[in-house]
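Shown next, in structure tokens, is the structure this report addresses.
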Amino acid sequence: MSGPFIDDARIAEARKLADEIVNPIFDLIQHNTTVSNERTVLRFFGLSGAGTRGVPLANLMVDKLKAAGVLNRGAAYWYGRALQLGAKSPLEAVERLTALPADKMGVLSPEMEANLRDEVRSEARAAMAELKSRIAQRNALREQFPMSPAPHKYVIVATGNIYDDVDQARAAAQAGADVIAVIRSTAQSLLDYVPHGATTEGYGGTYATQENFRVMREALDDESRKLKRYIQLTNYSSGLCMSEIAFCAAYERLDMLLNDAMYGILFRDINMRRTFIDQYFSRRICALAGIIINTGEDNYITTADAYDAAHTVIASQFINECFAKRAGLKDWQLGIGHSYEIDPYRDDTLLLELSQAMLVRRCFPDAPLKYMPPTKHKETDIFFSHAYDVMADLVAIWTRQGIQLLGMMTEAMHTPLLADRYVALKSASYIHRAARGIDEEFTVREDGKIANRAREVFANAEQLLRECHAEGMVAAIGKGRFGDVKREETGGKGLDGVLPKAPDYFNPFLEMLEAS
Amino acid sequence: MVKPSKQIIRPYGDRRDDGMVQLSFTLPVPLSEKAKEAAAQFTKKMGFTDVKVAAAERAADQYTFFVVYARSAVSLDYAEIDVPEVVVRKMGFNDLNALIKEKVGRRIVVFGACTGTDTHTVGIDAILNMKGYAGDYGLERYPGFEAFNLGSQVPNEDLIKRSMAKQADAILVSQVVTQRDVHKDNSRQFIDAAKAAGIHGKTLLLLGGPRVDHKLALELGFDAGFGAGTKPSDVANYIVHAVLKKEGKESQDSHYQGEPT
């Protein structure tokens with residue numbers, strides 16, 4: 001059992017502290033929008049195409065509105081204006097709007113304004129109904145072909161070519177994978193647009209595009225029917241296009257998304273305000289679409305030391321949970337991230353890793369959790385590397401992880417070969433089969449190393465939360481409290497894409513998402 | 001120079017010179033007796049003998065994974081192999097700091113970054129950050145070094161510009177992502193930029209990463225290369241001796257060997 005270790009009251013207090021820490025951020029979120037959130041609104045209306053030289057139409061239109069200084073009223077409002085100008089399709093709307101001279105972009109009569117909003121709201125309801133029907137299709141397939149029991153075995157494909165990815169993903173599913181993640185091309189997180197169409201060239205991964213999502217989901221639907229076992233698909237809602245990716249993923253019936261409230265700030269140097277505002281809309285979409293989010297706390301202990309920084313993982317998890325709950329996500333959708341990353345040359349690492357995983361399970365009993373394998377201390381000795389991964393498999397089944405990313409014995413060398421995944425799946429299946437229920441057979445002693453370490457880490461996490469509470473979230477990040485990375489509120493990429501909402505700002509989708 | 005005598009070697013498994021090799025690979029065919037025979041024939045075609053297909057497993061509907069043991073009759077003369085290696089006599093943390101203080105007489109300025117599109121700071125962090133790697137302190141911890149870690153996705157030109165502003169003695173370029181040789185393209189671009197800025201041949205230029213070795217780094221135009229398993233102290237030792245040589249305080253042909261004493 002994953003102990004009591006810690007009093008319920010202290011866990012409740014940590015949760016309350018986290019909620020008060022994120023509270024001021026919602027003032028920022030409520031009063032500002034971003035270019036990416038506005039592009040997401042246009043994508044909801046069906047503006048998924050690209051213009052000349054592959055520039056997405058959503059970017060063309062939002063850039064035009066921003067240059068004209070009118071984006072603060074909301075892209076949905078201007079979409080309505082285009083409809084009033086006689087646009088018959090999303091493409092025509094862009095053309096009419098981008099051709100409109102600035103002096104024709106003023107305020108209309110109150111009656112016309114009201115009519116415009118009614119008209120746009122009715123279109124938005126139709127768009128939302130279509131999205132919901134697609135999500136319902138996915139849910140029906142999930143019911144028809146139930147998934148294997150947890151931990152869901154999660155493997156990555158990363159060929160750079162979506163069609164090669166499909167072959168690798170099908171093979172992985174046949175070998176027992178439950179979740180396929182298509183790794184994104186290096187540095188996509190820093191693109192302020194979502195590339196268009198099917199792609200066959202990428203570095204260290206494959207571009208996340210709506211068409212690539214569609215191609216992969218279609219292949220996995222086919223594989224799910226053949227295997228009579230639903231195969232989940234995940235991608236990355238992170239970087240400068242969090243909400244756009246969330247929409248594309250929801251529309252193409254993805255099951256999970258990597259989505260973290262702070263990851264972009266810390267590890268991609270994306271501006272803090274931009275990330276906080278974007279993550280909220282993206283998570284609202286995930287909440288509606290029944291997408292499980294995976295948070296990225298595992299990354300903290302690839303930069304900072306996993307033993308010394310263990311408490312930062314716990315503190316951040318409480319914060320991420322609060323951001324998620326406030327965006328409408330339910331416990332079952334919280335793939336709270338953590339990992340097996342303590343230096344294997346220390347003593348007692350299996351006990352320490354068990355302690356940490358049990359502590360996370362103790363703090364978030366109803367969340368699926370997302371467990372990551374060792375990466376930082378991986379060696380190119382594949383035989384050692386394989387043994388090392390197997391220990392993570394054991395901890396995963398012992399602590400009832402919902403989602404387990406399987407380690408690859410060639411982690412330190414190259415993107416996984418087909419056989420690497422096969423070997424990892426075979427041994428993880430063995431460990432899960434061999435040790436299921438082990439947590440009910442062994443009770444962890446309350447006076448032992450595991451429990452004492454969990455109490456120590458939790459006490460440090462409480463201390464960190466109190467510091468964040470006292471100095472504020474922004475200052476805490478500024479001091480490098482998470483992952484040893486320091487960021488300033490006005491630093492990083494993408495701040496120029498943040499703008500205060502006008503008093504008559506209009507976003508019918510956010511209205512609907514917040515009301516549901 | 002006296003040519004070393006011959007040293008003929010072969011892979012060693014159970015008995016000396018048995019030539020035993022283990023292979024694993026995947027063939028894009030379903031598992032069958034025919035597939036196993038294909039694996040055996042493939043191995044023989046590579047020149048191996050005594051082929052044993054130890055495992056043939058259905059990795060997926062259309063793919064079979066093999067583990068094969070076989071013997072090789074190939075041998076080679078180890079004495080003939082020439083691999084340039086960065087060889088310096090390693091000094092411990094305190095001794096090295098003392099040497100810098102005594103002979104260099106100032107702090108050695110080092111800049112490092114993971115440049116280009118690469119987002120993986122694990123390598124540069126291991127070498128530069130205070131914490132270091134595998135119990136070996138990073139350069140930030142040495143009083144004798146002034147180390148600047150600029151992080152990931154730094155344009156090559158920015159790294160060079162900021163290094164020049166501080167009159168850096170050495171620049172460390174880390175490259176982790178290697179798909180389609182992007183690390184080589186980016187490294188060449190760095191060297192071009194260093195030449196354009198006039199620091200090539202003056203500032204020490206070091207390349208590091210899991211797929212980097214000294215030979216590759218030299219080919220690309222760097223002064224030295226450091227691969228997987230490099231510790232911060234390896235880099236620190238190299239830089240100190242290279243700086244001393246450059247300043248004429250150590251002879252050009254001085255050759256250091258051995259573990260730290």
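Each chain of the structure tokens is named A, B, ... in the order shown, its residues numbered from 1; ligands are numbered from 1 in display order.
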**Request:** Within region 135-292 of chain A, find each residue whose DSSP state, derived from the backbone, is helix (DSSP H, G or I), and express the selection as a VMD selection string.
**Result:** chain A and resid 135 to 144 162 to 174 188 to 190 210 to 227 239 to 251 263 to 267 272 to 289
**Request:** Using only C-alpha atoms, find the residues of chain A whose closest atom to chain B is at most 9 Å away, then write them as number ranges by chain.
**Result:** A: 170-175, 186-187, 202-204, 267-268, 302-305, 343, 345, 376-377, 379-380, 412-415, 418-419, 421-423
Selection export as an mmCIF file, in the first residue's frame, atoms kept: N, CA and C atoms:
data_model
loop_
_atom_site.group_PDB
_atom_site.id
_atom_site.type_symbol
_atom_site.label_atom_id
_atom_site.label_comp_id
_atom_site.auth_asym_id
_atom_site.auth_seq_id
_atom_site.Cartn_x
_atom_site.Cartn_y
_atom_site.Cartn_z
ATOM 1 N N ARG A 170 1.819 0.876 -35.514
ATOM 2 C CA ARG A 170 1.043 -0.362 -35.675
ATOM 3 C C ARG A 170 1.807 -1.541 -35.093
ATOM 4 N N ALA A 171 3.110 -1.593 -35.390
ATOM 5 C CA ALA A 171 3.932 -2.689 -34.863
ATOM 6 C C ALA A 171 3.948 -2.650 -33.332
ATOM 7 N N ALA A 172 4.065 -1.451 -32.766
ATOM 8 C CA ALA A 172 4.093 -1.321 -31.304
ATOM 9 C C ALA A 172 2.772 -1.788 -30.704
ATOM 10 N N ALA A 173 1.666 -1.410 -31.337
ATOM 11 C CA ALA A 173 0.351 -1.828 -30.841
ATOM 12 C C ALA A 173 0.249 -3.350 -30.872
ATOM 13 N N GLN A 174 0.712 -3.943 -31.957
ATOM 14 C CA GLN A 174 0.660 -5.404 -32.083
ATOM 15 C C GLN A 174 1.529 -6.081 -31.026
ATOM 16 N N ALA A 175 2.568 -5.389 -30.588
ATOM 17 C CA ALA A 175 3.461 -5.958 -29.581
ATOM 18 C C ALA A 175 2.972 -5.670 -28.161
ATOM 19 N N THR A 186 12.098 18.537 -33.157
ATOM 20 C CA THR A 186 12.827 19.426 -32.260
ATOM 21 C C THR A 186 12.476 20.877 -32.558
ATOM 22 N N ALA A 187 12.195 21.619 -31.508
ATOM 23 C CA ALA A 187 11.962 23.064 -31.593
ATOM 24 C C ALA A 187 10.605 23.454 -32.171
ATOM 25 N N GLY A 202 11.337 15.622 -40.393
ATOM 26 C CA GLY A 202 11.377 16.247 -39.074
ATOM 27 C C GLY A 202 12.684 15.881 -38.404
ATOM 28 N N TYR A 203 13.070 16.644 -37.391
ATOM 29 C CA TYR A 203 14.312 16.356 -36.672
ATOM 30 C C TYR A 203 13.993 15.822 -35.286
ATOM 31 N N GLY A 204 14.390 14.591 -35.024
ATOM 32 C CA GLY A 204 14.161 14.019 -33.711
ATOM 33 C C GLY A 204 12.689 13.763 -33.428
ATOM 34 N N PHE A 267 11.425 25.221 -19.460
ATOM 35 C CA PHE A 267 12.318 24.437 -20.306
ATOM 36 C C PHE A 267 12.384 24.899 -21.758
ATOM 37 N N ARG A 268 11.496 25.800 -22.163
ATOM 38 C CA ARG A 268 11.570 26.312 -23.531
ATOM 39 C C ARG A 268 11.693 27.832 -23.539
ATOM 40 N N THR A 302 15.473 16.065 -14.537
ATOM 41 C CA THR A 302 16.516 15.792 -15.536
ATOM 42 C C THR A 302 17.509 16.944 -15.541
ATOM 43 N N THR A 303 17.072 18.134 -15.086
ATOM 44 C CA THR A 303 18.028 19.249 -14.962
ATOM 45 C C THR A 303 18.582 19.281 -13.540
ATOM 46 N N ALA A 304 17.693 19.409 -12.557
ATOM 47 C CA ALA A 304 18.151 19.366 -11.163
ATOM 48 C C ALA A 304 18.380 17.895 -10.770
ATOM 49 N N ASP A 305 19.014 17.685 -9.630
ATOM 50 C CA ASP A 305 19.272 16.329 -9.165
ATOM 51 C C ASP A 305 17.984 15.699 -8.621
ATOM 52 N N ASP A 343 20.096 8.864 -9.434
ATOM 53 C CA ASP A 343 21.378 8.291 -9.862
ATOM 54 C C ASP A 343 21.509 6.836 -9.400
ATOM 55 N N TYR A 345 23.835 4.884 -9.136
ATOM 56 C CA TYR A 345 25.033 4.499 -8.395
ATOM 57 C C TYR A 345 24.967 4.877 -6.913
ATOM 58 N N LYS A 376 18.150 10.391 -17.664
ATOM 59 C CA LYS A 376 19.344 11.196 -17.390
ATOM 60 C C LYS A 376 20.590 10.342 -17.158
ATOM 61 N N HIS A 377 20.430 9.250 -16.414
ATOM 62 C CA HIS A 377 21.594 8.432 -16.079
ATOM 63 C C HIS A 377 21.666 7.184 -16.956
ATOM 64 N N GLU A 379 22.718 4.611 -19.752
ATOM 65 C CA GLU A 379 24.031 4.308 -20.312
ATOM 66 C C GLU A 379 23.876 3.638 -21.666
ATOM 67 N N THR A 380 24.925 3.703 -22.462
ATOM 68 C CA THR A 380 24.869 3.071 -23.781
ATOM 69 C C THR A 380 25.117 1.563 -23.684
ATOM 70 N N ALA A 412 19.928 6.293 -24.610
ATOM 71 C CA ALA A 412 21.050 7.237 -24.695
ATOM 72 C C ALA A 412 21.650 7.304 -26.089
ATOM 73 N N MET A 413 21.067 6.563 -27.047
ATOM 74 C CA MET A 413 21.692 6.485 -28.367
ATOM 75 C C MET A 413 20.899 7.089 -29.499
ATOM 76 N N HIS A 414 19.695 6.564 -29.721
ATOM 77 C CA HIS A 414 18.956 6.994 -30.907
ATOM 78 C C HIS A 414 17.463 6.869 -30.644
ATOM 79 N N THR A 415 16.650 7.396 -31.555
ATOM 80 C CA THR A 415 15.211 7.217 -31.420
ATOM 81 C C THR A 415 14.939 5.713 -31.545
ATOM 82 N N LEU A 418 12.387 -0.484 -33.869
ATOM 83 C CA LEU A 418 11.196 -1.314 -33.708
ATOM 84 C C LEU A 418 11.426 -2.391 -32.637
ATOM 85 N N ALA A 419 12.586 -3.020 -32.682
ATOM 86 C CA ALA A 419 12.871 -4.099 -31.737
ATOM 87 C C ALA A 419 13.056 -3.583 -30.309
ATOM 88 N N ARG A 421 11.341 -1.285 -28.864
ATOM 89 C CA ARG A 421 9.996 -1.201 -28.284
ATOM 90 C C ARG A 421 9.473 -2.591 -27.946
ATOM 91 N N TYR A 422 9.712 -3.533 -28.849
ATOM 92 C CA TYR A 422 9.246 -4.899 -28.623
ATOM 93 C C TYR A 422 9.831 -5.458 -27.324
ATOM 94 N N VAL A 423 11.126 -5.292 -27.145
ATOM 95 C CA VAL A 423 11.806 -5.819 -25.965
ATOM 96 C C VAL A 423 11.266 -5.157 -24.686
#
**Prompt:** Can you list, as a VMD selection string, every protein, DNA or RNA residue that comes within 12 Å of region 21-28 of chain A when you count only C-alpha atoms, leaving out same-chain residues fewer than 4 positions away?
**Reply:** chain A and resid 14 to 17 32 to 34 261 to 262 272 to 281 315 to 316 318 to 327 464 to 476 489 498 to 501
**Distance of CA of Met147 (chain A) from CA of Tyr340 (chain A), expressed in Å to one decimal place** =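 Computing it gives 24.9 Å between the two atoms.
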**Request:** Between CA of Arg453 (chain A) and CA of Asp389 (chain A), measure the distance and give it in Å to one decimal.
**Result:**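 Those two atoms sit 22.3 Å apart.
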**Message:** Report, in Å with one decimal, the straight-line distance from CA of Asn259 (chain A) to CA of Met409 (chain A).
**Reply:**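 Straight-line distance from CA of Asn259 (chain A) to CA of Met409 (chain A) works out to 26.1 Å.
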Give me, as a Markdown table, the closest atom pair and its distance (Å, one decimal) for every residue of region 73-187 of chain B within a cut-off of 9 Å of region 192-201 of chain B, counting only C-alpha atoms, rows sorted by chain and rising number.
| residue | atom | partner | partner_atom | distance |
| --- | --- | --- | --- | --- |
| B:Asn156 | CA | B:Ala193 | CA | 7.1 |
| B:Glu157 | CA | B:Ala193 | CA | 6.3 |
| B:Ile160 | CA | B:Ala194 | CA | 6.8 |
| B:Lys161 | CA | B:Ala197 | CA | 8.3 |
| B:Met164 | CA | B:Ile199 | CA | 8.3 |
| B:Ser187 | CA | B:Asp192 | CA | 8.7 |
**Message:** With distances taken over only C-alpha atoms, which residue among B:Val173, B:Leu23, B:Leu220, B:Leu31 lies nearest Val51 (chain B)?
**Reply:**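 The shortest atom-to-atom distance to Val51 (chain B) comes from B:Leu23.
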**Request:** From a DSSP pass on the backbone, collect the residues of region 96-168 of chain B flagged as strand (DSSP E) and hand them back as a PyMOL selection string.
**Result:** chain B and resi 108-115+145-154
Residues of the last selection are to be written out with C-alpha atoms, as a compact mmCIF listing (two decimals), in the first residue's frame.
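Everything below was put into part25.txt:
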# COMPACT_ATOMS: atom_id res chain seq x y z
CA ILE B 108 39.85 31.14 -17.25
CA VAL B 109 36.67 32.30 -18.99
CA VAL B 110 34.53 29.57 -20.54
CA PHE B 111 31.25 29.91 -22.44
CA GLY B 112 29.02 27.00 -23.32
CA ALA B 113 25.68 26.36 -24.99
CA CYS B 114 23.62 23.84 -26.82
CA THR B 115 23.39 25.69 -30.13
CA PHE B 145 37.07 29.15 -14.00
CA GLU B 146 34.47 31.76 -14.80
CA ALA B 147 31.85 29.67 -16.57
CA PHE B 148 28.77 30.86 -18.46
CA ASN B 149 26.11 28.36 -19.49
CA LEU B 150 23.78 29.98 -22.02
CA GLY B 151 21.41 27.00 -22.18
CA SER B 152 19.72 25.56 -25.25
CA GLN B 153 18.68 26.73 -28.70
CA VAL B 154 21.28 29.48 -28.69
**Asked** Skipping near chain neighbours, those fewer than 2 positions away, what residues fall within 8 Å of region 57-68 of chain A using only C-alpha atoms, listed as a list in words?
**Response**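 After dropping sequence-adjacent residues, the list is Val35, Glu38, Arg39, Thr40, Leu42, Arg43, Leu47, Ser48, Gly49, Ala50, Gly51, Val55, Val70, Leu71, Asn72, Ala75, Leu91, Val94, Leu97, Thr98, Ala102 and Tyr193 of chain A.
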**Prompt:** Can you tell me, as a list of chain:residue names, what residues are no more than 10 Å from Val243 (chain B) when counting only C-alpha atoms, ignoring any on the same chain fewer than 3 positions away?
**Reply:**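 After dropping sequence-adjacent residues, the list is B:Ile100, B:Val104, B:Ile108, B:Asp169, B:Ala170, B:Thr203, B:Leu204, B:Tyr238, B:Ile239, B:Val240, B:Lys246, B:Glu247, B:Gly248, B:Lys249, B:Glu250.
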Could the residues in this selection be written to a file with C-alpha atoms, as a PDB file, in the first residue's frame?
ATOM      1  CA  ILE B 100      45.516  27.959 -12.683  1.00  0.00           C
ATOM      2  CA  VAL B 104      47.664  31.299 -15.568  1.00  0.00           C
ATOM      3  CA  ILE B 108      39.852  31.136 -17.249  1.00  0.00           C
ATOM      4  CA  ASP B 169      39.393  31.499 -23.443  1.00  0.00           C
ATOM      5  CA  ALA B 170      37.225  28.606 -24.536  1.00  0.00           C
ATOM      6  CA  THR B 203      39.797  30.958 -28.844  1.00  0.00           C
ATOM      7  CA  LEU B 204      39.712  27.267 -27.903  1.00  0.00           C
ATOM      8  CA  TYR B 238      42.120  19.892 -21.185  1.00  0.00           C
ATOM      9  CA  ILE B 239      41.293  23.594 -21.133  1.00  0.00           C
ATOM     10  CA  VAL B 240      43.908  24.474 -18.511  1.00  0.00           C
ATOM     11  CA  LYS B 246      48.775  28.817 -25.992  1.00  0.00           C
ATOM     12  CA  GLU B 247      50.368  31.264 -23.596  1.00  0.00           C
ATOM     13  CA  GLY B 248      53.727  29.570 -24.095  1.00  0.00           C
ATOM     14  CA  LYS B 249      53.834  28.401 -20.490  1.00  0.00           C
ATOM     15  CA  GLU B 250      53.948  24.743 -21.454  1.00  0.00           C
TER      16      GLU B 250
END
**Message:** List the spatial neighbours of Asp484 (chain A) as a ChimeraX atom specification - criterion: any atom at most 10 Å away, only C-alpha atoms, same-chain residues fewer than 4 positions off excluded.
**Reply:** /A:266,300-301,303-305,309,312,477,479-480
**Request:** Have a look at B:Tyr69, B:Ser163, B:His214, B:Gly227 and name the one nearest to Gln175 (chain B); count only C-alpha atoms.
**Result:**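 So, comparing all the options, the nearest one is B:Gly227.
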